[in-house]
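Below is one structure; the comments refer to it alone.
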Amino acid sequence: MSNNILEVKNLKTSFFTHLGEVQAVRGISYELKKGGILGIVGESGSGKSVSSLSIMRLVDDPGRIVEGEIIFDGVDLVKLSEKEIQDYRGKELAMIFQDPMTSLNPVFTIKNQMMEVILRHMHITKEKALEEVNSLDETIKEYEKTLKDKEKSIDKKNNKGKASLEAKLTKIIKKRDKVLKDIENGITRKYNKAEALERAIHYLKIVGIPEPETRINEYPHQFSGGMRQRALVAMALACEPKLIIADEPTTALDVTIQAQILDLLKKVKKELDTTIIFITHDLGVIAELCQEVIVMYGGMIMEKGTVDDIFYSPQHPYTKGLHQSVPKDVVGQKKRLVPITGSPPDLLNPPKGCPFSPRCKYAMQICIEEPAPLFKISDTQVSSCWLQHEYSPDVEGFKKTGGVNNG
Amino acid sequence: MDKNKFVFLESDQKLDKEQTRKSLTYWHDVWRRLKKNHLAIVGLVCVIIVILFATIGPMFNPHKYNRQFLDYKNIPPQLTVYKLGDDMHVYLSEMNQLILVSEDGKLLDGFSLAEADKDLTAKTYTYRLFNDENVEIAVVIVDFSYTTDPLKRAEGIRYSFTYEDVEYKTPMDKVWNKTFILGTDKNGRDMLARLMYGTGISLVIAFVAAVINFFIGVIYGSISGFFGKNTDIIMMRIVDIINSIPLLLYVILLMVVLKDSWFEINVLNKLFGAGGLGTIIVTLISVYWVGMARLVRAQVLSLKEQEYVLAAKTMGVRNFKIIDKHLIPNALGPIIVTMAMMIPTAVFTEAFLSFIGLGISAPRASLGSLANDGASFMQTYPYQLVIPAVTIAFMMLAFNFLGDGLRDALDPRLRKG
Amino acid sequence: MNRYIIKKTLFSILTLFIVVTLVFFMLRAIPGGPFTREKPLPESTRERLEEAYGLNEPLINQYFTYMGNLLTGDLGPSFRKPAYSVNELLATGIPNTAKIGFIAVIFIIFLGIPLGVVSALKSNTAVDYGVMIIATIGITVPSFVIGSLFILLAQNVKWIPVGGLSTPISYVGPVVALAGYSLAFVARLTRSSMLEVLRQDYIRTARAKGLSESKVIFKHALKNSLIPVITYIGPMIAAIMTGSFVVEKIFYINGIGEYFTESIGNRDYTLVIGVTLFYAVFYIIMVLLVDIAYSVIDPRIRLSK
């Protein structure tokens, strides 16, 4: 089929508060190829975090996924029961949260919190299981040999020992047969504690925690912020998930630590070949890390494209506004920053039309009446702005297309 | 698709839904949040009701809290009335007082019972009613032998009335006591009046204790927090030591020590009147100031370090404004909540002390002493315990709801949508 | 850790010393002595008695004698119950007080905490409202009212004894009266603490790991939400013991609470100090235990001290 690891289709998530329905995510669709890094950018309240929490099915009460499909690896996550989605969380899908200071449980050691997820999900490999069967076979042979020896000797004293030995033997054979059958069915046993610990230490090493063998026994408060975020990354990696969602993982950190964590994510991406969704409000981070970018505003997708598309040929007034409000060329000529005036829409009572229209300098009558569809700009880029419509006036810097992309 | 819609709009045509919320002052905001909390408003209303009950209630009650009606001892709120003859209604109290009542439950007069009229062998008492000129106007014979005489026991009643040679065995009706709505106590004092008075005393104790506590706590706590270093260490060690004695034990000891002491007789009684009111207040203060002092100290310490105070200073905000806009809202919240919660605690402790006989002494009353009095007769006169007990529970509930609501409203961190 | 406990213990001993001294002198400040009664004793008898108990000596001498005896564990004779020493009286009283106290504490912990947890997990449902209404009533009705109502019930029902601790059923009244307030408080505290913890980021992290809901709640949330509960439980246990003043009075139980109220009225100095000392020691041990429990459960405390 397709090589998309994730397809989000018309996802709507709302919070049902006593004031009314807050529509945090209002029908977004996108897909993500295996091994890609997708950046989702937007300001606070744009729905970027809620959309990713929806993928994990971690939207807290009173929030609920109202509509849509989230096809992950061929399975619609929205339709799974709570029990089934638990098997996905941590194993297939992992998440790194924004604030490392509060995302670790203060009363358990790092070891405990790392091993927990490994013990929950990890099964040993088939090869290892077969190896264990082999060693069982050897034990069985040994037992059989001793038994034979005993039968040969006519010494009656040993008869008692013989009975217990036989019992042990049948037990081991039974065990071996069961393991073999399980392997045939593709089931292997779960990790034991020693193996889990080894794996935990291994991943702590990968994320660059010094002396992981000793530091793993420490509590979160003994770790610095950067170290905690590394530990959280290690935790997310520990079961080698197919998709990692990083929800502003660097926002709460110092700039130098930020760079380290970004480097770490890049390295992890390269070594483990996972797919990453990176959520941020920082365009710089997007440019650094991502291949594809989604710009969200007011719970909707404004623009979608490759990093080059979004940075060099933005087609949505909001994306342009974002660029203008970020200092870019620090050494180059001085350029005044242009803020986007106004504030994000109230999602309790969102605008009928384009969510950005109240703040948009190109707003037209159509904009406040109807949200724009995603206009196809190029093979890689779509933009949700009426300026792309053939009827709209020409504005410099905005391309027009006739076609509407429905995907 | 209508081509005309693709025209740029003027900026005033845009549907700017940007919310311009009014900026509220701290206290407006607190009040707004408190209003949203229904339970807290119920609490507030109940607290006001309790206060009105204790303050202006006595004005509407014809009886005084210390007036004794010796003819009407232990009269319950509900009377079992017997109709004798054509138009006479009587009620026989548990203390074997026969009372002339009106049909709707007003107490009119007491019958007299002379020693000579008690026939102990036949178990009959002869009650006589005299008018103002001391002329006998009615004679009622009450036969108490129904509980002792094996022949009569089968009837299942406790007594019968004989008036003008007719025996009455069944009561006419149960009517509510119109003269003493909540009945009277063992000395014939009006329960309603005593309840109002007792509630008032309990409130006075609680409020005075809470307010004085507030000042002691603030002074002690701010000195300790502000000077820090050795002053702080010594002052807090003292607090620690007081804190490591069970409070109630300490309260009891102090009550005993203060009782009848020179200090009570010459200072407290002059300030608060006799009956131990001042003693209770002093005791409560001397125990509960510790918590307040700790709290204030913690607040002062944390405020000293707060960056927003520094930020405000850097921006050249005047000291008064810093105190008004930053320190008071941030420190006062927890302090007010503690004060609000101290009131029910004080009521509770006072009730507890009175209950073990160390509180307010008669004729003054508090809710606790009323409950204590009631508890000794609860078998026969359960209303004497139930009434003050329900009042205490009502007050506690009201103050707790209000205190909880205040805590939520005053602490912006606990804001719930 | 050990140093911390030693420091705390030393401070506790100092506190106890101050408490005893304070109580000793406070009691002597009370007008009247153990041998002034409503019917005055003959002057000579009183003097002889006071001499026998050393009450005629200067106060400071009495104090040092008492403290000396105290160091050897001797709390002295009871002034008003001459046949007994204070040690003996305490030995008969403490078991009764401890029995109802212990049962009450067990009830509070094993009923209050689960109720609070259930209430938090089912927050804003009928279960939650039910538990919280009962808890609020528990907080607002004084123990002596609960106790008195129980006695009222017992007087009308044959199978509940009116007082004492003769049958298992007779424990119900004192335990309910004693535990009521704290049980309700613990349930409320656990609930609010649990709700607070469930909102924390690390709970979301735990969920994101794919842990089952029961593991999220009973492993990650419970331990954190117990921290404030434990802080309350230490002083609470002591409060329960002092609560026995009223309960023992209502239910006619021969415990030390009863002795305390009685001995204060009687000016039985040694018995008052004995009981006070017992309470203070108990209280301080409880607070110390809480400190230790606290540092076991919360690693941030352990290392910062």
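Residue numbering restarts at 1 for every chain of the structure tokens, chains are lettered A, B, ... in their displayed order, and ligands are numbered from 1 as they appear.
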**Report entry** Residue list for chain A near chain C as a list in words, 8 Å, only C-alpha atoms
**Finding:**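 Listing them in order of chain and number gives Met56, Leu58, Lys83, Ile85, Gln86, Asp87, Tyr88, Arg89, Gly90, Lys91, Ala94, Met95, Phe97, Thr102, Ser103, Leu104, Asn105, Pro106, Val107, Val117, Arg120, Tyr219, His221 and Ala236 of chain A.
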Query raised in the report: chain B residues within 9 Å of chain C, counting only C-alpha atoms: which ones, as JSON, numbers by chain?
Result: {"B": [240, 241, 242, 244, 245, 246, 247, 248, 249, 250, 252, 253, 254, 256, 257, 258, 259, 260, 261, 344, 348, 351, 352, 355, 356, 371, 372, 375, 378, 379, 382, 385, 386, 389, 390, 392, 393, 394, 395, 396, 397, 400]}
Report task. Do me a favour and pick out the residues of chain A within 6 Å of chain B, using only C-alpha atoms, as a ChimeraX atom specification. Result -> /A:343,358,363-366,391-392
Compile the contact shell of Thr65 (chain C) as a PDB file with N, CA and C atoms, in the first residue's frame: residues with an atom at most 12 Å away, counting only C-alpha atoms, same-chain residues fewer than 2 positions apart removed.
ATOM      1  N   PHE C  24       4.460  21.519  85.388  1.00  0.00           N
ATOM      2  CA  PHE C  24       4.708  21.470  86.826  1.00  0.00           C
ATOM      3  C   PHE C  24       4.389  22.818  87.477  1.00  0.00           C
ATOM      4  N   TYR C  53       3.848  14.025 101.338  1.00  0.00           N
ATOM      5  CA  TYR C  53       4.100  14.097  99.905  1.00  0.00           C
ATOM      6  C   TYR C  53       5.124  15.170  99.545  1.00  0.00           C
ATOM      7  N   GLY C  54       5.692  15.777 100.546  1.00  0.00           N
ATOM      8  CA  GLY C  54       6.728  16.767 100.275  1.00  0.00           C
ATOM      9  C   GLY C  54       6.192  18.075  99.750  1.00  0.00           C
ATOM     10  N   LEU C  55       4.901  18.337  99.972  1.00  0.00           N
ATOM     11  CA  LEU C  55       4.345  19.553  99.396  1.00  0.00           C
ATOM     12  C   LEU C  55       4.670  20.800 100.207  1.00  0.00           C
ATOM     13  N   GLU C  57       7.662  21.588 101.176  1.00  0.00           N
ATOM     14  CA  GLU C  57       8.998  22.087 100.848  1.00  0.00           C
ATOM     15  C   GLU C  57       8.909  23.227  99.848  1.00  0.00           C
ATOM     16  N   PRO C  58      10.015  23.973  99.708  1.00  0.00           N
ATOM     17  CA  PRO C  58      10.004  25.033  98.691  1.00  0.00           C
ATOM     18  C   PRO C  58       9.746  24.436  97.308  1.00  0.00           C
ATOM     19  N   LEU C  59       9.078  25.206  96.491  1.00  0.00           N
ATOM     20  CA  LEU C  59       8.650  24.736  95.192  1.00  0.00           C
ATOM     21  C   LEU C  59       9.810  24.197  94.365  1.00  0.00           C
ATOM     22  N   ILE C  60      10.924  24.933  94.456  1.00  0.00           N
ATOM     23  CA  ILE C  60      12.058  24.564  93.607  1.00  0.00           C
ATOM     24  C   ILE C  60      12.611  23.205  94.024  1.00  0.00           C
ATOM     25  N   ASN C  61      12.598  22.941  95.348  1.00  0.00           N
ATOM     26  CA  ASN C  61      13.050  21.627  95.821  1.00  0.00           C
ATOM     27  C   ASN C  61      12.131  20.523  95.322  1.00  0.00           C
ATOM     28  N   GLN C  62      10.819  20.814  95.424  1.00  0.00           N
ATOM     29  CA  GLN C  62       9.853  19.829  94.921  1.00  0.00           C
ATOM     30  C   GLN C  62      10.134  19.507  93.464  1.00  0.00           C
ATOM     31  N   TYR C  63      10.435  20.574  92.720  1.00  0.00           N
ATOM     32  CA  TYR C  63      10.670  20.416  91.290  1.00  0.00           C
ATOM     33  C   TYR C  63      11.857  19.495  91.038  1.00  0.00           C
ATOM     34  N   MET C  67      11.886  15.921  89.212  1.00  0.00           N
ATOM     35  CA  MET C  67      12.649  15.671  87.998  1.00  0.00           C
ATOM     36  C   MET C  67      13.628  14.514  88.196  1.00  0.00           C
ATOM     37  N   GLY C  68      14.187  14.457  89.408  1.00  0.00           N
ATOM     38  CA  GLY C  68      15.104  13.359  89.706  1.00  0.00           C
ATOM     39  C   GLY C  68      14.407  12.018  89.597  1.00  0.00           C
ATOM     40  N   ASN C  69      13.239  11.950  90.195  1.00  0.00           N
ATOM     41  CA  ASN C  69      12.476  10.699  90.120  1.00  0.00           C
ATOM     42  C   ASN C  69      12.101  10.368  88.683  1.00  0.00           C
ATOM     43  N   LEU C  70      11.782  11.431  87.958  1.00  0.00           N
ATOM     44  CA  LEU C  70      11.327  11.242  86.581  1.00  0.00           C
ATOM     45  C   LEU C  70      12.412  10.565  85.749  1.00  0.00           C
ATOM     46  N   LEU C  71      13.662  10.971  86.019  1.00  0.00           N
ATOM     47  CA  LEU C  71      14.758  10.392  85.249  1.00  0.00           C
ATOM     48  C   LEU C  71      14.847   8.884  85.453  1.00  0.00           C
ATOM     49  N   THR C  72      14.468   8.424  86.652  1.00  0.00           N
ATOM     50  CA  THR C  72      14.493   6.979  86.887  1.00  0.00           C
ATOM     51  C   THR C  72      13.198   6.325  86.431  1.00  0.00           C
ATOM     52  N   ASP C  74      10.189   7.101  87.493  1.00  0.00           N
ATOM     53  CA  ASP C  74       9.167   7.091  88.537  1.00  0.00           C
ATOM     54  C   ASP C  74       8.340   8.368  88.459  1.00  0.00           C
ATOM     55  N   LEU C  75       7.075   8.209  88.241  1.00  0.00           N
ATOM     56  CA  LEU C  75       6.214   9.379  88.107  1.00  0.00           C
ATOM     57  C   LEU C  75       5.583   9.778  89.436  1.00  0.00           C
ATOM     58  N   GLY C  76       5.966   9.100  90.498  1.00  0.00           N
ATOM     59  CA  GLY C  76       5.484   9.475  91.813  1.00  0.00           C
ATOM     60  C   GLY C  76       4.145   8.860  92.153  1.00  0.00           C
TER      61      GLY C  76
END
Report task. Considering only C-alpha atoms, return as a list in words whatever protein or nucleic-acid residues lie within 9 Å of Lys111 (chain A), sequence-local ones (same chain, fewer than 2 positions apart) excluded. Result ->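 Once the nearby chain positions are removed, what remains is Phe108, Thr109, Gln113, Met114, Met115, Glu116, Leu197, Ala200, Ile201, Arg215, Ile216, Asn217, Glu218 and Tyr219 of chain A.
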So that I can see what lies close to region 78-86 of chain B, please list as a PDB file with C-alpha atoms, in the first residue's frame the residues with an atom at most 8 Å from it, counting only C-alpha atoms and leaving out residues fewer than 6 positions away in the same chain.
ATOM      1  CA  LEU B  92     -48.270  17.098  81.889  1.00  0.00           C
ATOM      2  CA  VAL B 101     -52.319  25.370  77.883  1.00  0.00           C
ATOM      3  CA  GLY B 105     -50.115  25.352  72.374  1.00  0.00           C
ATOM      4  CA  PHE B 161     -56.559  12.554  84.048  1.00  0.00           C
ATOM      5  CA  TYR B 163     -61.538  16.184  85.863  1.00  0.00           C
ATOM      6  CA  GLU B 164     -65.019  16.759  87.157  1.00  0.00           C
ATOM      7  CA  VAL B 166     -64.627  12.120  84.112  1.00  0.00           C
ATOM      8  CA  TYR B 168     -59.497  11.053  80.259  1.00  0.00           C
ATOM      9  CA  THR B 170     -56.244   9.608  75.385  1.00  0.00           C
ATOM     10  CA  PRO B 171     -54.533  12.808  74.402  1.00  0.00           C
ATOM     11  CA  MET B 172     -56.299  15.225  72.153  1.00  0.00           C
ATOM     12  CA  ASP B 173     -53.424  16.113  69.963  1.00  0.00           C
ATOM     13  CA  LYS B 174     -49.748  16.969  69.720  1.00  0.00           C
ATOM     14  CA  VAL B 175     -49.292  20.691  69.291  1.00  0.00           C
ATOM     15  CA  TRP B 176     -46.183  22.841  68.928  1.00  0.00           C
ATOM     16  CA  ASN B 177     -45.153  24.890  71.882  1.00  0.00           C
ATOM     17  CA  GLY B 183     -38.852  24.475  74.647  1.00  0.00           C
TER      18      GLY B 183
END
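Separating CA of Leu180 (chain A) from CA of Asp137 (chain A) is a distance of 11.1 Å.
When CA of Lys242 (chain A) is paired with CA of Ile71 (chain A), their separation reads 13.3 Å.
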Requested in this report: Go through region 115-274 of chain B and collect every residue that DSSP, computed from the backbone, puts in helix (DSSP H, G or I); the answer should be as a ChimeraX atom specification.
Outcome: /B:115-117,145-147,153-155,191-227,229-243,247-258,262-272
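For the pair CA of Ser384 (chain A) and CA of Pro62 (chain A), the interatomic distance is 29.4 Å.
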Report task. Would you mind listing what lies within 9 Å of Pro355 (chain A) as a PyMOL selection string, with only C-alpha atoms counted and same-chain residues fewer than 5 positions away left out? Result -> chain A and resi 297-300+344-345+350+367-368+371
Dump of N, CA and C atoms for the selected residues, as a PDB file, in the first residue's frame:
ATOM      1  N   TYR A 297      -3.194  27.166  12.740  1.00  0.00           N
ATOM      2  CA  TYR A 297      -3.728  28.369  13.378  1.00  0.00           C
ATOM      3  C   TYR A 297      -5.204  28.134  13.673  1.00  0.00           C
ATOM      4  N   GLY A 298      -5.600  28.482  14.848  1.00  0.00           N
ATOM      5  CA  GLY A 298      -7.023  28.374  15.215  1.00  0.00           C
ATOM      6  C   GLY A 298      -7.594  26.985  15.029  1.00  0.00           C
ATOM      7  N   GLY A 299      -6.774  25.966  15.250  1.00  0.00           N
ATOM      8  CA  GLY A 299      -7.265  24.600  15.152  1.00  0.00           C
ATOM      9  C   GLY A 299      -7.321  24.070  13.732  1.00  0.00           C
ATOM     10  N   MET A 300      -6.799  24.842  12.779  1.00  0.00           N
ATOM     11  CA  MET A 300      -6.838  24.390  11.388  1.00  0.00           C
ATOM     12  C   MET A 300      -5.447  24.475  10.772  1.00  0.00           C
ATOM     13  N   PRO A 344      -5.076  35.347  18.985  1.00  0.00           N
ATOM     14  CA  PRO A 344      -5.702  34.175  18.382  1.00  0.00           C
ATOM     15  C   PRO A 344      -7.204  34.128  18.639  1.00  0.00           C
ATOM     16  N   PRO A 345      -7.935  33.453  17.808  1.00  0.00           N
ATOM     17  CA  PRO A 345      -9.390  33.434  17.956  1.00  0.00           C
ATOM     18  C   PRO A 345      -9.821  32.650  19.185  1.00  0.00           C
ATOM     19  N   PRO A 350     -15.496  29.971  17.479  1.00  0.00           N
ATOM     20  CA  PRO A 350     -14.521  30.322  16.448  1.00  0.00           C
ATOM     21  C   PRO A 350     -15.183  31.049  15.284  1.00  0.00           C
ATOM     22  N   CYS A 367     -13.564  35.500   3.046  1.00  0.00           N
ATOM     23  CA  CYS A 367     -12.762  34.964   4.152  1.00  0.00           C
ATOM     24  C   CYS A 367     -13.549  34.873   5.454  1.00  0.00           C
ATOM     25  N   ILE A 368     -14.425  35.862   5.664  1.00  0.00           N
ATOM     26  CA  ILE A 368     -15.151  35.815   6.935  1.00  0.00           C
ATOM     27  C   ILE A 368     -16.411  34.975   6.826  1.00  0.00           C
ATOM     28  N   PRO A 371     -14.339  29.140   5.424  1.00  0.00           N
ATOM     29  CA  PRO A 371     -12.911  28.832   5.488  1.00  0.00           C
ATOM     30  C   PRO A 371     -12.404  28.374   4.125  1.00  0.00           C
TER      31      PRO A 371
END
Query - Which of region 25-196 of chain A fall in strand (DSSP E or B), as an MDAnalysis selection string - result: chainID A and resid 25:33 37:41 63:72 75:76 89 93:96 123 190
Would you save the residues of that selection, restricted to N, CA and C atoms, as an mmCIF file, in the first residue's frame?
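Contents of the output file result33.cif:
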data_model
loop_
_atom_site.group_PDB
_atom_site.id
_atom_site.type_symbol
_atom_site.label_atom_id
_atom_site.label_comp_id
_atom_site.auth_asym_id
_atom_site.auth_seq_id
_atom_site.Cartn_x
_atom_site.Cartn_y
_atom_site.Cartn_z
ATOM 1 N N VAL A 25 -9.214 21.463 17.835
ATOM 2 C CA VAL A 25 -8.740 21.027 16.520
ATOM 3 C C VAL A 25 -9.971 20.910 15.636
ATOM 4 N N ARG A 26 -9.929 21.587 14.474
ATOM 5 C CA ARG A 26 -11.141 21.669 13.675
ATOM 6 C C ARG A 26 -10.935 21.071 12.283
ATOM 7 N N GLY A 27 -10.836 19.768 12.248
ATOM 8 C CA GLY A 27 -10.784 19.099 10.960
ATOM 9 C C GLY A 27 -9.452 19.249 10.242
ATOM 10 N N ILE A 28 -8.411 18.618 10.784
ATOM 11 C CA ILE A 28 -7.128 18.685 10.088
ATOM 12 C C ILE A 28 -6.831 17.331 9.448
ATOM 13 N N SER A 29 -6.119 17.365 8.333
ATOM 14 C CA SER A 29 -5.717 16.145 7.637
ATOM 15 C C SER A 29 -4.276 16.292 7.189
ATOM 16 N N TYR A 30 -3.510 15.247 7.401
ATOM 17 C CA TYR A 30 -2.166 15.241 6.826
ATOM 18 C C TYR A 30 -1.656 13.813 6.844
ATOM 19 N N GLU A 31 -0.611 13.554 6.093
ATOM 20 C CA GLU A 31 -0.001 12.241 6.195
ATOM 21 C C GLU A 31 1.504 12.396 6.348
ATOM 22 N N LEU A 32 2.094 11.338 6.843
ATOM 23 C CA LEU A 32 3.504 11.393 7.183
ATOM 24 C C LEU A 32 4.170 10.107 6.712
ATOM 25 N N LYS A 33 5.255 10.291 5.933
ATOM 26 C CA LYS A 33 5.947 9.117 5.399
ATOM 27 C C LYS A 33 6.839 8.509 6.456
ATOM 28 N N ILE A 37 10.549 13.602 9.118
ATOM 29 C CA ILE A 37 10.385 14.451 10.291
ATOM 30 C C ILE A 37 9.417 15.554 9.914
ATOM 31 N N LEU A 38 8.314 15.571 10.605
ATOM 32 C CA LEU A 38 7.304 16.575 10.316
ATOM 33 C C LEU A 38 7.328 17.614 11.423
ATOM 34 N N GLY A 39 7.354 18.873 11.044
ATOM 35 C CA GLY A 39 7.269 19.928 12.045
ATOM 36 C C GLY A 39 5.875 20.505 12.035
ATOM 37 N N ILE A 40 5.317 20.688 13.207
ATOM 38 C CA ILE A 40 4.044 21.404 13.290
ATOM 39 C C ILE A 40 4.314 22.700 14.034
ATOM 40 N N VAL A 41 4.022 23.809 13.398
ATOM 41 C CA VAL A 41 4.340 25.083 14.007
ATOM 42 C C VAL A 41 3.060 25.885 14.172
ATOM 43 N N GLY A 63 -11.894 16.748 27.254
ATOM 44 C CA GLY A 63 -11.636 16.740 25.818
ATOM 45 C C GLY A 63 -11.988 15.410 25.189
ATOM 46 N N ARG A 64 -12.329 15.438 23.897
ATOM 47 C CA ARG A 64 -12.727 14.216 23.229
ATOM 48 C C ARG A 64 -12.464 14.358 21.743
ATOM 49 N N ILE A 65 -12.064 13.273 21.106
ATOM 50 C CA ILE A 65 -11.977 13.291 19.656
ATOM 51 C C ILE A 65 -13.395 13.183 19.129
ATOM 52 N N VAL A 66 -13.822 14.189 18.384
ATOM 53 C CA VAL A 66 -15.213 14.230 17.961
ATOM 54 C C VAL A 66 -15.399 13.468 16.664
ATOM 55 N N GLU A 67 -14.419 13.588 15.789
ATOM 56 C CA GLU A 67 -14.599 13.072 14.451
ATOM 57 C C GLU A 67 -13.230 12.804 13.861
ATOM 58 N N GLY A 68 -13.188 11.970 12.841
ATOM 59 C CA GLY A 68 -11.955 11.798 12.079
ATOM 60 C C GLY A 68 -11.308 10.451 12.299
ATOM 61 N N GLU A 69 -10.274 10.225 11.499
ATOM 62 C CA GLU A 69 -9.536 8.971 11.589
ATOM 63 C C GLU A 69 -8.066 9.279 11.783
ATOM 64 N N ILE A 70 -7.400 8.416 12.528
ATOM 65 C CA ILE A 70 -5.951 8.513 12.652
ATOM 66 C C ILE A 70 -5.420 7.139 12.283
ATOM 67 N N ILE A 71 -5.005 6.999 11.026
ATOM 68 C CA ILE A 71 -4.541 5.681 10.580
ATOM 69 C C ILE A 71 -3.047 5.595 10.845
ATOM 70 N N PHE A 72 -2.693 4.764 11.803
ATOM 71 C CA PHE A 72 -1.282 4.565 12.117
ATOM 72 C C PHE A 72 -0.913 3.150 11.705
ATOM 73 N N VAL A 75 -3.817 0.971 11.054
ATOM 74 C CA VAL A 75 -4.843 0.784 12.087
ATOM 75 C C VAL A 75 -5.423 2.149 12.466
ATOM 76 N N ASP A 76 -6.734 2.227 12.558
ATOM 77 C CA ASP A 76 -7.341 3.489 12.981
ATOM 78 C C ASP A 76 -7.302 3.589 14.507
ATOM 79 N N ARG A 89 0.806 2.804 22.974
ATOM 80 C CA ARG A 89 1.548 3.863 23.650
ATOM 81 C C ARG A 89 2.837 3.321 24.232
ATOM 82 N N LEU A 93 4.109 4.132 19.520
ATOM 83 C CA LEU A 93 4.042 5.583 19.544
ATOM 84 C C LEU A 93 4.654 6.053 20.842
ATOM 85 N N ALA A 94 5.531 7.027 20.770
ATOM 86 C CA ALA A 94 6.043 7.548 22.027
ATOM 87 C C ALA A 94 5.985 9.057 21.980
ATOM 88 N N MET A 95 6.009 9.653 23.165
ATOM 89 C CA MET A 95 5.862 11.100 23.193
ATOM 90 C C MET A 95 6.888 11.697 24.148
ATOM 91 N N ILE A 96 7.440 12.830 23.751
ATOM 92 C CA ILE A 96 8.336 13.585 24.624
ATOM 93 C C ILE A 96 7.630 14.890 24.937
ATOM 94 N N HIS A 123 9.410 -7.620 24.274
ATOM 95 C CA HIS A 123 9.588 -9.064 24.225
ATOM 96 C C HIS A 123 10.959 -9.334 23.627
ATOM 97 N N LYS A 190 8.467 -11.936 27.650
ATOM 98 C CA LYS A 190 8.817 -10.548 27.955
ATOM 99 C C LYS A 190 10.213 -10.469 28.544
#
